[in-house]
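Notes to accompany the following structure.
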Amino acid sequence: MTERLAKFIARSGICSRRNAEELIKQQRVTVNGETISSPAYNVSGSEKILIDGEKLPSPDITRLWLYHKPSGLVTTHKDDKNRPTVFDNLPIGMPRVISVGRLDLNSEGLLLLTNNGELSRKLELPSNGWVRRYKVRVHGFVDLNKLQSLSQGCIIDGIKYGPITAVIESKQGTNTWLNVTLAEGKNREIRRVMKSIGLEVSRLIRLSYGPFQLGSLKKGETKEIPTKVLKEQLGSKFEI
């Protein structure tokens, strides 16, 4: 049985499938001594696969962790501005992992981490219909009509955003806590959408991602999902 080279690389856990495709296009990957330039190339896993001359790790059993990301960390392995990263601040003993999506520098809360780049790609797809739920503090006057209109989706600066449900939890002066749910999660989506209706996000905490909950996990802590539970939650379509 064979599979796409990019998918095989992603399953080794060194990067996402998208990044694996870029590595191949940049001709940094060789298979049995041959430089490969097409992500559509198929491999069985028995080949000698090198990236920049280094041997590709063997795919490990698929694992998934919940991580409570603190504010002030960027979700990247390397940062051009030398800011502290999520991956530099994981608990000792964690294997090499990549994130499922991202939380920006000033956002906090639940971040999923996995050692399988292919799984990361699949869990990010909007077609899964997985709801992301957030607790969001905004500053400014909340217009209920504008807030409710977000459930119809919107277009900002030419970018189309899907439906967002935002419900007021509490209010004190010009600060309001909202419970926000969405099923897509584009880059800085909540901040941009709230700004479009005159609200400035001052704090953003992700509480859940699909069936996975932040719960009582403390900032900086991780919790691995048992393999049995992982299979039950993801279903057969994810092929873990």
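How things are named: the first chain in the structure tokens is A, the next is B, and so on; residues count from 1 in each chain; ligands count from 1 in the order shown.
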TODO: Do a neighbour search on Gly109 of chain A at 9 Å with only C-alpha atoms, toss out local chain neighbours closer than 6 positions, and write the hits as a ChimeraX atom specification.
DONE: /A:67-71,103,134,204-208,214,219
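Note that DSSP on the backbone gives alpha helix (DSSP H) to these residues of segment 38-160 of chain A: Gly117, Glu118, Leu119, Ser120, Arg121, Lys122, Leu123, Glu124, Leu144, Asn145, Lys146, Leu147, Gln148 and Ser149 of chain A.
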So which residues touch Lys160 of chain A within 12 Å, counting only C-alpha atoms, skipping near sequence neighbours fewer than 2 positions away, as a short mmCIF file (atom, residue, chain, number, x, y, z; two decimals) with all heavy atoms, in the first residue's frame?
```cif
data_model
loop_
_atom_site.label_atom_id
_atom_site.label_comp_id
_atom_site.auth_asym_id
_atom_site.auth_seq_id
_atom_site.Cartn_x
_atom_site.Cartn_y
_atom_site.Cartn_z
N LEU A 150 -24.03 38.77 13.22
CA LEU A 150 -22.84 37.97 12.93
C LEU A 150 -23.20 36.52 12.63
O LEU A 150 -22.43 35.79 12.01
CB LEU A 150 -21.86 38.04 14.11
CG LEU A 150 -21.31 39.42 14.46
CD1 LEU A 150 -20.36 39.32 15.65
CD2 LEU A 150 -20.60 40.05 13.26
N GLN A 152 -25.14 35.54 10.55
CA GLN A 152 -25.36 35.41 9.11
C GLN A 152 -24.04 35.39 8.33
O GLN A 152 -24.05 35.25 7.11
CB GLN A 152 -26.23 36.57 8.61
CG GLN A 152 -27.55 36.73 9.33
CD GLN A 152 -28.41 35.49 9.22
OE1 GLN A 152 -28.57 34.92 8.14
NE2 GLN A 152 -28.98 35.06 10.35
N GLY A 153 -22.92 35.54 9.05
CA GLY A 153 -21.63 35.66 8.37
C GLY A 153 -21.41 37.08 7.92
O GLY A 153 -22.34 37.91 7.94
N CYS A 154 -20.21 37.41 7.49
CA CYS A 154 -19.92 38.76 7.04
C CYS A 154 -18.68 38.77 6.15
O CYS A 154 -17.94 37.78 6.08
CB CYS A 154 -19.71 39.70 8.24
SG CYS A 154 -18.35 39.21 9.34
N ILE A 155 -18.48 39.89 5.48
CA ILE A 155 -17.30 40.08 4.64
C ILE A 155 -16.57 41.32 5.13
O ILE A 155 -17.16 42.40 5.23
CB ILE A 155 -17.69 40.24 3.15
CG1 ILE A 155 -18.39 38.97 2.65
CG2 ILE A 155 -16.45 40.52 2.31
CD1 ILE A 155 -18.89 39.07 1.22
N ILE A 156 -15.29 41.17 5.44
CA ILE A 156 -14.47 42.29 5.93
C ILE A 156 -13.21 42.37 5.09
O ILE A 156 -12.46 41.39 5.00
CB ILE A 156 -14.10 42.09 7.42
CG1 ILE A 156 -15.36 41.93 8.26
CG2 ILE A 156 -13.26 43.27 7.92
CD1 ILE A 156 -15.07 41.53 9.69
N ASP A 157 -12.98 43.52 4.48
CA ASP A 157 -11.80 43.72 3.63
C ASP A 157 -11.66 42.60 2.59
O ASP A 157 -10.56 42.10 2.32
CB ASP A 157 -10.53 43.79 4.48
CG ASP A 157 -10.53 44.99 5.42
OD1 ASP A 157 -11.15 46.02 5.06
OD2 ASP A 157 -9.92 44.90 6.50
N GLY A 158 -12.79 42.20 2.03
CA GLY A 158 -12.78 41.20 0.98
C GLY A 158 -12.67 39.76 1.46
O GLY A 158 -12.68 38.84 0.64
N GLY A 162 -17.52 33.04 8.16
CA GLY A 162 -18.72 32.26 8.35
C GLY A 162 -19.52 32.73 9.55
O GLY A 162 -19.15 33.68 10.25
N PRO A 163 -20.66 32.07 9.81
CA PRO A 163 -21.52 32.46 10.92
C PRO A 163 -20.81 32.39 12.27
O PRO A 163 -20.06 31.46 12.54
CB PRO A 163 -22.66 31.42 10.86
CG PRO A 163 -22.66 30.94 9.45
CD PRO A 163 -21.21 30.94 9.03
N ILE A 164 -21.06 33.40 13.10
CA ILE A 164 -20.53 33.45 14.46
C ILE A 164 -21.69 33.72 15.41
O ILE A 164 -22.49 34.63 15.18
CB ILE A 164 -19.48 34.57 14.61
CG1 ILE A 164 -18.23 34.24 13.79
CG2 ILE A 164 -19.11 34.78 16.08
CD1 ILE A 164 -17.17 35.34 13.83
N GLU A 184 -15.14 27.83 11.95
CA GLU A 184 -14.12 27.98 10.91
C GLU A 184 -12.79 28.38 11.51
O GLU A 184 -11.85 27.60 11.52
CB GLU A 184 -14.60 29.01 9.88
CG GLU A 184 -13.77 29.00 8.61
CD GLU A 184 -14.42 29.83 7.52
OE1 GLU A 184 -15.26 30.68 7.83
OE2 GLU A 184 -14.08 29.61 6.34
N GLY A 185 -12.68 29.57 12.03
CA GLY A 185 -11.46 29.97 12.71
C GLY A 185 -10.35 30.49 11.82
O GLY A 185 -9.22 29.99 11.87
N LYS A 186 -10.65 31.49 10.99
CA LYS A 186 -9.60 32.12 10.19
C LYS A 186 -8.68 32.93 11.11
O LYS A 186 -9.00 33.20 12.27
CB LYS A 186 -10.22 33.05 9.13
CG LYS A 186 -10.90 32.33 7.96
CD LYS A 186 -11.31 33.35 6.91
CE LYS A 186 -11.82 32.67 5.65
NZ LYS A 186 -13.17 32.10 5.82
N ASN A 187 -7.53 33.34 10.57
CA ASN A 187 -6.54 34.08 11.34
C ASN A 187 -7.15 35.35 11.96
O ASN A 187 -7.69 36.18 11.25
CB ASN A 187 -5.36 34.46 10.42
CG ASN A 187 -4.26 35.18 11.16
OD1 ASN A 187 -3.98 34.88 12.33
ND2 ASN A 187 -3.63 36.15 10.51
N GLU A 189 -9.78 35.91 13.45
CA GLU A 189 -11.17 36.10 13.01
C GLU A 189 -12.03 36.85 14.02
O GLU A 189 -12.70 37.83 13.67
CB GLU A 189 -11.81 34.74 12.71
CG GLU A 189 -13.26 34.84 12.29
CD GLU A 189 -13.81 33.53 11.73
OE1 GLU A 189 -13.00 32.61 11.46
OE2 GLU A 189 -15.03 33.43 11.54
N ARG A 192 -11.07 40.57 14.36
CA ARG A 192 -11.42 41.38 13.20
C ARG A 192 -12.92 41.58 13.08
O ARG A 192 -13.39 42.68 12.76
CB ARG A 192 -10.86 40.72 11.93
CG ARG A 192 -9.35 40.83 11.84
CD ARG A 192 -8.77 39.99 10.71
NE ARG A 192 -7.34 40.21 10.57
CZ ARG A 192 -6.54 39.44 9.86
NH1 ARG A 192 -7.03 38.40 9.21
NH2 ARG A 192 -5.24 39.70 9.78
N VAL A 193 -13.67 40.53 13.34
CA VAL A 193 -15.13 40.63 13.24
C VAL A 193 -15.68 41.56 14.32
O VAL A 193 -16.56 42.39 14.05
CB VAL A 193 -15.77 39.23 13.33
CG1 VAL A 193 -17.28 39.34 13.50
CG2 VAL A 193 -15.44 38.41 12.09
#
```
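Between atom CA of Ile225 of chain A and atom CA of Leu66 of chain A the interatomic distance comes to 7.3 Å.
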Task: Atom pair atom CA of Leu64 of chain A / atom CA of Glu224 of chain A: separation (Å) - done: 5.9 Å
- [ ] Find, counting only C-alpha atoms, the residue in A:Gly13, A:Gly173, A:Pro91, A:Pro226 that gets nearest to Leu119 of chain A.
- [x] A:Gly13
Task: Residue list (strand (DSSP E), DSSP) for segment 152-237 of chain A, as a ChimeraX atom specification - done: /A:154-156,159-161,164-172,175-182,200-209,212-213,222-224
